[in-house]
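This is my_file-v2.txt. It holds compact mmCIF, C-alpha atoms.
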```txt
# COMPACT_ATOMS: atom_id res chain seq x y z
CA MET Q 1 10.24 -24.59 -11.24
CA ASP Q 2 7.16 -22.60 -10.16
CA LYS Q 3 5.77 -19.58 -12.04
CA PHE Q 4 7.12 -17.07 -9.52
CA GLN Q 5 10.64 -18.50 -9.86
CA GLU Q 6 10.36 -18.34 -13.66
CA ARG Q 7 9.33 -14.69 -13.48
CA LEU Q 8 12.05 -13.87 -10.98
CA GLU Q 9 14.69 -15.24 -13.31
CA GLN Q 10 13.58 -12.71 -15.96
CA ILE Q 11 14.80 -9.83 -13.77
CA PRO Q 12 18.54 -9.07 -14.05
CA THR Q 13 20.24 -9.37 -10.66
CA GLU Q 14 21.92 -6.00 -11.21
CA LYS Q 15 18.52 -4.35 -11.58
CA ILE Q 16 17.36 -5.80 -8.25
CA LYS Q 17 20.60 -4.74 -6.54
CA SER Q 18 20.44 -1.24 -8.02
CA ARG Q 19 16.89 -0.69 -6.79
CA LEU Q 20 17.70 -2.00 -3.32
CA ASP Q 21 20.77 0.25 -3.08
CA LYS Q 22 18.69 3.28 -4.09
CA PHE Q 23 16.00 2.37 -1.54
CA LEU Q 24 18.52 2.01 1.28
CA CYS Q 25 19.90 5.50 0.53
CA LEU Q 26 16.52 7.20 1.07
CA ASP Q 27 16.16 9.65 3.96
CA PHE Q 28 13.56 7.67 5.91
CA GLU Q 29 13.52 10.18 8.78
CA SER Q 30 12.06 12.87 6.52
CA MET Q 31 9.53 10.59 4.82
CA SER Q 32 5.97 9.78 5.86
CA GLU Q 33 4.91 6.17 6.33
CA ALA Q 34 2.90 6.36 3.08
CA GLU Q 35 5.95 7.67 1.17
CA ILE Q 36 8.14 4.89 2.54
CA ARG Q 37 5.52 2.29 1.63
CA ALA Q 38 5.23 3.73 -1.90
CA GLU Q 39 9.02 3.62 -2.38
CA TYR Q 40 9.09 0.06 -1.03
CA CYS Q 41 6.49 -1.00 -3.59
CA LYS Q 42 8.30 0.77 -6.44
CA THR Q 43 11.56 -0.89 -5.41
CA LEU Q 44 10.17 -4.41 -5.37
CA SER Q 45 7.69 -4.28 -8.24
CA PHE Q 46 8.88 -5.60 -11.59
CA SER Q 47 5.78 -5.41 -13.78
CA GLN Q 48 7.52 -6.55 -16.96
CA ALA Q 49 8.24 -9.86 -15.22
CA GLY Q 50 4.81 -9.88 -13.57
CA CYS Q 51 6.09 -10.18 -10.03
CA PHE Q 52 6.44 -8.32 -6.79
CA LEU Q 53 9.35 -9.30 -4.55
CA ILE Q 54 8.03 -9.20 -1.01
CA PRO Q 55 8.14 -11.54 1.94
CA LYS Q 56 5.17 -13.73 2.64
CA LEU Q 57 3.12 -13.13 5.79
CA LEU Q 58 1.20 -15.55 7.95
CA CYS Q 59 -2.60 -15.56 7.98
CA SER Q 60 -3.87 -17.22 11.13
CA GLN Q 61 -6.72 -19.61 11.64
CA LYS Q 62 -10.13 -17.96 12.27
CA THR Q 63 -9.09 -14.74 10.48
CA LYS Q 64 -11.93 -13.32 8.40
CA LEU Q 65 -11.08 -12.45 4.79
CA TYR Q 66 -13.32 -10.56 2.39
CA ARG Q 67 -13.79 -10.47 -1.36
CA VAL Q 68 -16.11 -8.19 -3.28
CA VAL Q 69 -17.56 -9.11 -6.67
CA ASN Q 70 -19.48 -6.54 -8.66
CA PHE Q 71 -22.91 -7.90 -9.52
CA PHE Q 72 -22.75 -6.50 -13.06
CA ASN Q 73 -20.01 -5.99 -15.60
CA LYS Q 74 -19.03 -2.31 -15.53
CA ASP Q 75 -20.83 -0.73 -18.46
CA SER Q 76 -22.14 2.77 -17.83
CA GLU Q 77 -23.81 2.95 -21.25
CA LYS Q 78 -26.45 0.36 -20.41
CA THR Q 79 -29.56 0.76 -18.31
CA PHE Q 80 -30.00 -1.36 -15.20
CA GLU Q 81 -32.20 -3.84 -17.09
CA GLU Q 82 -29.70 -4.19 -19.96
CA LYS Q 83 -26.57 -4.74 -17.89
CA ASP Q 84 -24.76 -8.06 -18.08
CA PHE Q 85 -24.55 -10.06 -14.89
CA PHE Q 86 -20.92 -10.74 -14.02
CA TYR Q 87 -21.97 -14.09 -12.54
CA ARG Q 88 -25.22 -14.71 -14.37
CA ASN Q 89 -25.36 -18.48 -13.92
CA ILE Q 90 -23.79 -19.31 -10.61
CA GLN Q 91 -23.71 -23.07 -10.59
CA SER Q 92 -21.26 -23.95 -7.84
CA VAL Q 93 -19.40 -22.66 -4.82
CA SER Q 94 -16.25 -22.39 -6.97
CA TYR Q 95 -17.60 -19.12 -8.38
CA PHE Q 96 -16.86 -17.55 -5.01
CA TRP Q 97 -13.18 -18.47 -5.01
CA GLU Q 98 -10.81 -17.17 -7.65
CA PRO Q 99 -12.50 -15.63 -10.70
CA PRO Q 100 -13.36 -17.80 -13.71
CA LEU Q 101 -10.49 -18.15 -16.17
CA GLU Q 102 -12.17 -15.95 -18.78
CA LYS Q 103 -12.27 -13.06 -16.25
CA CYS Q 104 -8.55 -13.32 -15.34
CA LEU Q 105 -6.72 -10.29 -16.63
CA THR Q 106 -3.17 -9.30 -15.69
CA GLY Q 107 -3.18 -8.01 -12.11
CA ARG Q 108 -0.60 -7.02 -9.53
CA ILE Q 109 0.21 -10.62 -8.68
CA ASN Q 110 -1.13 -12.69 -11.57
CA ILE Q 111 -0.55 -12.76 -15.28
CA GLU Q 112 -3.41 -13.03 -17.81
CA ASN Q 113 -5.37 -16.30 -17.51
CA GLU Q 114 -3.85 -17.09 -14.12
CA GLN Q 115 -6.45 -17.47 -11.37
CA VAL Q 116 -5.56 -15.68 -8.14
CA LEU Q 117 -7.89 -15.04 -5.23
CA TYR Q 118 -7.57 -11.43 -4.04
CA THR Q 119 -8.99 -10.85 -0.54
CA SER Q 120 -8.62 -8.35 2.28
CA GLU Q 121 -9.00 -8.38 6.03
CA ASN Q 122 -11.20 -5.30 5.59
CA TYR Q 123 -14.23 -5.31 3.31
CA THR Q 124 -14.00 -1.56 2.65
CA THR Q 125 -10.61 -2.14 1.00
CA CYS Q 126 -12.34 -4.59 -1.33
CA THR Q 127 -15.03 -2.09 -2.27
CA LYS Q 128 -12.32 0.45 -3.14
CA GLU Q 129 -10.39 -2.13 -5.17
CA CYS Q 130 -13.53 -2.96 -7.17
CA ASP Q 131 -14.47 0.69 -7.58
CA ILE Q 132 -17.87 0.15 -5.98
CA LYS Q 133 -20.01 3.29 -6.09
CA ARG Q 134 -23.10 4.29 -4.17
CA ASP Q 135 -26.12 2.22 -5.33
CA ASP Q 136 -23.92 -0.41 -7.06
CA LEU Q 137 -24.99 -3.99 -6.50
CA PHE Q 138 -22.23 -6.33 -5.36
CA PHE Q 139 -21.50 -9.46 -3.38
CA ILE Q 140 -19.41 -9.40 -0.21
CA ILE Q 141 -17.96 -12.85 0.26
CA VAL Q 142 -16.64 -13.65 3.72
CA TYR Q 143 -14.13 -16.44 4.22
CA GLU Q 144 -12.93 -17.76 7.56
CA VAL Q 145 -9.44 -19.22 7.58
CA ILE Q 146 -9.49 -22.81 8.83
CA LYS Q 147 -5.75 -23.44 8.64
CA ASP Q 148 -2.78 -21.04 8.93
CA PHE Q 149 -1.22 -20.18 5.57
CA GLU Q 150 1.31 -17.83 4.04
CA TYR Q 151 0.21 -15.08 1.66
CA VAL Q 152 1.61 -12.25 -0.36
CA PRO Q 153 0.31 -8.82 0.71
CA VAL Q 154 -0.65 -6.37 -2.03
CA GLY Q 155 -1.24 -2.66 -1.35
CA LEU Q 156 -4.20 -0.59 -2.48
```

I'd like the structure from this file rewritten - as structure tokens, please.
Amino acid sequence: MDKFQERLEQIPTEKIKSRLDKFLCLDFESMSEAEIRAEYCKTLSFSQAGCFLIPKLLCSQKTKLYRVVNFFNKDSEKTFEEKDFFYRNIQSVSYFWEPPLEKCLTGRINIENEQVLYTSENYTTCTKECDIKRDDLFFIIVYEVIKDFEYVPVGL
């Protein structure tokens, strides 16, 4: 059994059904697209189980995907010279895939110590996700899909 299936089994079926029933009773005609999307996310997000029940989408070959990595650990108390490099000793290409295990905190898709690669089809989304500010130093990593694959979309 995979991790997602294990997490899914932690959610009572009645809770899923109740949320879906409530969602289907919403007045979609009077709601904006953003409001509908927010309700959709609330309906399908079960943070205590660490999962988000949404269909997978297809990412096609040659699609460009972006990831942003802050150059420094966020620490506003330190001067530029004192700041800790997030990736001080880059020794292999693997550093540009999912984050190192010690950097893996609970996220919207992963649980603590579970490596997940978060990317976007738009690099500005990545800079917002990483809270990049003017004059921050950061990497923009660009991937090009070489083989179609399914992925789980996550909203900002």

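Across the structure, CA of Arg37 in chain Q and CA of Glu6 in chain Q are spaced 26.1 Å apart.
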
Requested in this report: Mind giving me the straight-line distance from CA of Cys59 in chain Q to CA of Thr124 in chain Q in Å, one decimal?
Outcome: 18.8 Å

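When only C-alpha atoms are used to measure the gap to Leu20 in chain Q, the shortest distance among Q:Asp148, Q:Asp135, Q:Glu33, Q:Glu39 belongs to Q:Glu39.
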
Requested in this report: Work out how far apart CA of Glu35 in chain Q and CA of Pro153 in chain Q are and give it in Å to one decimal.
Outcome: 17.4 Å

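With all atoms listed in the file as the basis for measurement, Q:Tyr66 is the residue among Q:Tyr66, Q:Phe96, Q:Phe71, Q:Tyr123 that approaches Val145 in chain Q most closely.
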
Query - Residues within 12 Å of (18.4, -3.8, -0.4), counting all atoms listed in the file, listed as number ranges by chain - result: Q: 13-26, 40, 43-44, 53-54

Query raised in the report: Residues at most 9 Å from Phe149 in chain Q, counting only C-alpha atoms, excluding those fewer than 5 positions away in the same chain, as a VMD selection string?
Result: chain Q and resid 57 to 61

Please, could you write that set of residues out with C-alpha atoms as a PDB file, in the frame of the given file?
```
ATOM      1  CA  LEU Q  57       3.120 -13.130   5.790  1.00  0.00           C
ATOM      2  CA  LEU Q  58       1.200 -15.550   7.950  1.00  0.00           C
ATOM      3  CA  CYS Q  59      -2.600 -15.560   7.980  1.00  0.00           C
ATOM      4  CA  SER Q  60      -3.870 -17.220  11.130  1.00  0.00           C
ATOM      5  CA  GLN Q  61      -6.720 -19.610  11.640  1.00  0.00           C
TER       6      GLN Q  61
END
```
